[in-house]
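Remarks on the structure that follows.
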Amino acid sequence: MPHETNDTLPFHTEVDAFLHYLRTQKQLSPHTCNSYGRDLASFQSGCARLGFEHLDALHPQDIRQLLAAEFRRGLASKSLQRWLSALRSFFRYGIRKGWLKHNPADGIRAPKATKKLPKLLDVDQAGQFMELGGDGFLDYRDRALLELMYSSGLRLAEAVSLNVADIDLREAMVSVTGKGSKTRMLPIGRLAVKALKAWLGHRETCVKTGEHALFISQKGTRLSHRAVQARLQRLSLRQGMDTPVHPHMLRHSFASHMLESSGDLRLVQDLLGHANIGTTQIYTHLDFQHLAKVYDKAHPRAQRKPDSGED
């Protein structure tokens, strides 16, 4: 089948005018304009296959049919959402210009993107990763950093931005500034308190004058995000982990383990500093997966038995 040029597709004059408007009036980035252009070209090709020659002939069921065709073609959920967004914008432009009377994409939703469950460590794996030996500067620092991140569910940015004054070891609390510059007080676990006390003594031997950071490098300055990420990669190998551990895995593990033990979703939301409980609810799926596995192993009626061959 010969490749269709733009001027042989339906509505090519209107689409060209719309893309020109995006570039010159809306001044959208070339990347966005190109994406809209590809989406509208796909839409035009679909209309050509269905025999649509006039925009006003399109109805919502036609847009659903075209959307389904894009899905069958292998377009991911996010790409389908962008495709639909391009159509809505194009139709709104057409209504303003007077060559379209209605928006046939109104009320149509693309399939929701499936949320990937975060990777995390189970309790035994977390224990294995935390069991850092050694009595060097880095060993004391890494033990304190990992214990605190796992104990309090900190984001990487929250951990590296901590100052010494933010922790109260007597009360076992830490003051954390999270997203949106919101501050929350979090408890520190017993093992994290112990590791932090040991670390603070070694920190004093290397810290530069005037540096307030809780976690510092051997140069005496605040640790960077990249330094922590690289350090966890090395520690993953050293501790014999099956998969590399990244900072957010410690936060995910904290959240899942807390929910598994307490069953209190609101508590976990507050500890994580989530503005919306919907963000926290992903951990209910993780908790359910864990419970399902335990059930399958433990319940006598759930355990699968070899097929006896009887009907």
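For the structure tokens, the naming scheme is as follows: chains receive sequential letters (A, B, ...) according to their order of presentation, residues are indexed from 1 within each chain, and ligands are indexed from 1 in presentation order.
Non-sequential neighbours of Asn163 in chain A (distance at most 12 Å, separation of 3 or more positions within a chain, only C-alpha atoms) are Glu158, Ala159, Val160, Asp166, Ile167, Asp168, Val174, Ser175, Val176, Thr177, Leu200, Gly210, Glu211, His212, Ala213, Leu214, Phe215, Ile216, Thr221, Arg222 and Leu223 of chain A.
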May I have the residues from that selection written out with C-alpha atoms, as a compact mmCIF listing (two decimals), in the first residue's frame?
```txt
# COMPACT_ATOMS: atom_id res chain seq x y z
CA GLU A 158 14.85 14.19 52.47
CA ALA A 159 17.73 12.11 53.80
CA VAL A 160 20.55 14.05 52.13
CA ASP A 166 17.00 18.01 62.61
CA ILE A 167 17.43 14.89 64.74
CA ASP A 168 16.56 14.52 68.42
CA VAL A 174 13.56 13.53 63.18
CA SER A 175 12.19 16.67 61.53
CA VAL A 176 11.88 16.12 57.79
CA THR A 177 11.14 18.67 55.05
CA LEU A 200 27.93 11.35 64.99
CA GLY A 210 30.44 25.35 59.09
CA GLU A 211 28.98 22.20 57.48
CA HIS A 212 25.62 21.31 59.10
CA ALA A 213 24.76 18.25 57.02
CA LEU A 214 23.98 15.09 58.97
CA PHE A 215 25.48 12.83 56.30
CA ILE A 216 28.79 13.89 54.78
CA THR A 221 30.77 18.04 52.74
CA ARG A 222 27.11 17.11 52.32
CA LEU A 223 26.42 13.86 50.47
```
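The environment of range 63-74 of chain A within 8 Å, counting only C-alpha atoms and disregarding residues fewer than 3 places along the same chain, consists of A:Phe43, A:Gly46, A:Cys47, A:Leu58, A:His59, A:Pro60, A:Leu80, A:Leu84, A:Pro104, A:Ala105, A:Ile108, A:Ala110.
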>> Quick check, in Å to one decimal: how far apart do CA of Gly263 in chain A and CA of Leu250 in chain A lie?
In response: 19.0 Å
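Summary of the local environment: counting only C-alpha atoms, residues at most 7 Å from Arg251 in chain A, other than itself and those fewer than 6 positions away along its chain, are Met149, Tyr150, Gly153, Leu154 and Arg155 of chain A.
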Store the residues picked out above, limited to C-alpha atoms, as a JSON list (two decimals), in the first residue's frame.
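Okay, this is what ended up in selection.json:
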```
[["chain", "number", "residue", "atom", "x", "y", "z"],
["A", 149, "MET", "CA", 15.97, 5.77, 55.70],
["A", 150, "TYR", "CA", 14.38, 2.39, 56.38],
["A", 153, "GLY", "CA", 10.62, 5.89, 55.32],
["A", 154, "LEU", "CA", 12.61, 8.85, 54.02],
["A", 155, "ARG", "CA", 12.89, 9.92, 50.42]]
```
Report as a Markdown table the residues of range 94-116 of chain A within 12 Å of range 10-13 of chain A, each with its shortest atom pair and distance in Å (one decimal), using only C-alpha atoms, ordered by chain and increasing residue number.
```
| residue | atom | partner | partner_atom | distance |
| --- | --- | --- | --- | --- |
| A:Gly94 | CA | A:Phe11 | CA | 10.8 |
| A:Trp99 | CA | A:Phe11 | CA | 10.6 |
| A:Leu100 | CA | A:Phe11 | CA | 11.3 |
```
> If you count only C-alpha atoms, which residues fall within 7 Å of Leu148 in chain A, apart from same-chain ones fewer than 3 positions away, as a VMD selection string?
Replying inline: chain A and resid 144 to 145 151 to 152 188 192
>> I need the helix (DSSP H, G or I) residues of range 163-250 of chain A per DSSP on the backbone, written as a PyMOL selection string.
In response: chain A and resi 164-166+179-181+190-203+225-238+247-250
I'd like the neighbourhood of range 26-41 of chain A as a compact mmCIF listing (two decimals) with C-alpha atoms, in the first residue's frame, where a residue qualifies if any of its atoms comes within 8 Å (using only C-alpha atoms), though same-chain residues fewer than 2 positions away should be ignored.
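Below is the file selection.txt, written as the result:
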```
# COMPACT_ATOMS: atom_id res chain seq x y z
CA ASN A 6 -0.49 14.71 4.18
CA VAL A 15 -4.88 19.81 10.46
CA LEU A 19 -0.39 22.61 13.70
CA TYR A 21 -1.43 27.59 15.18
CA LEU A 22 0.32 25.44 17.78
CA ARG A 23 3.75 26.44 16.49
CA THR A 24 3.15 30.16 15.99
CA PHE A 43 -6.25 9.85 13.21
CA GLN A 44 -6.48 10.99 9.58
CA SER A 45 -5.34 7.59 8.30
CA ARG A 82 -1.96 11.80 24.37
CA TRP A 83 -3.64 10.74 21.09
CA ALA A 86 -4.48 15.86 20.52
CA LEU A 87 -7.90 15.14 19.03
```
>> I need the residues of range 48-234 of chain A that end up classed as strand (DSSP E) by DSSP on the backbone, written out as a PyMOL selection string.
In response: chain A and resi 167-168+173-177+183-187
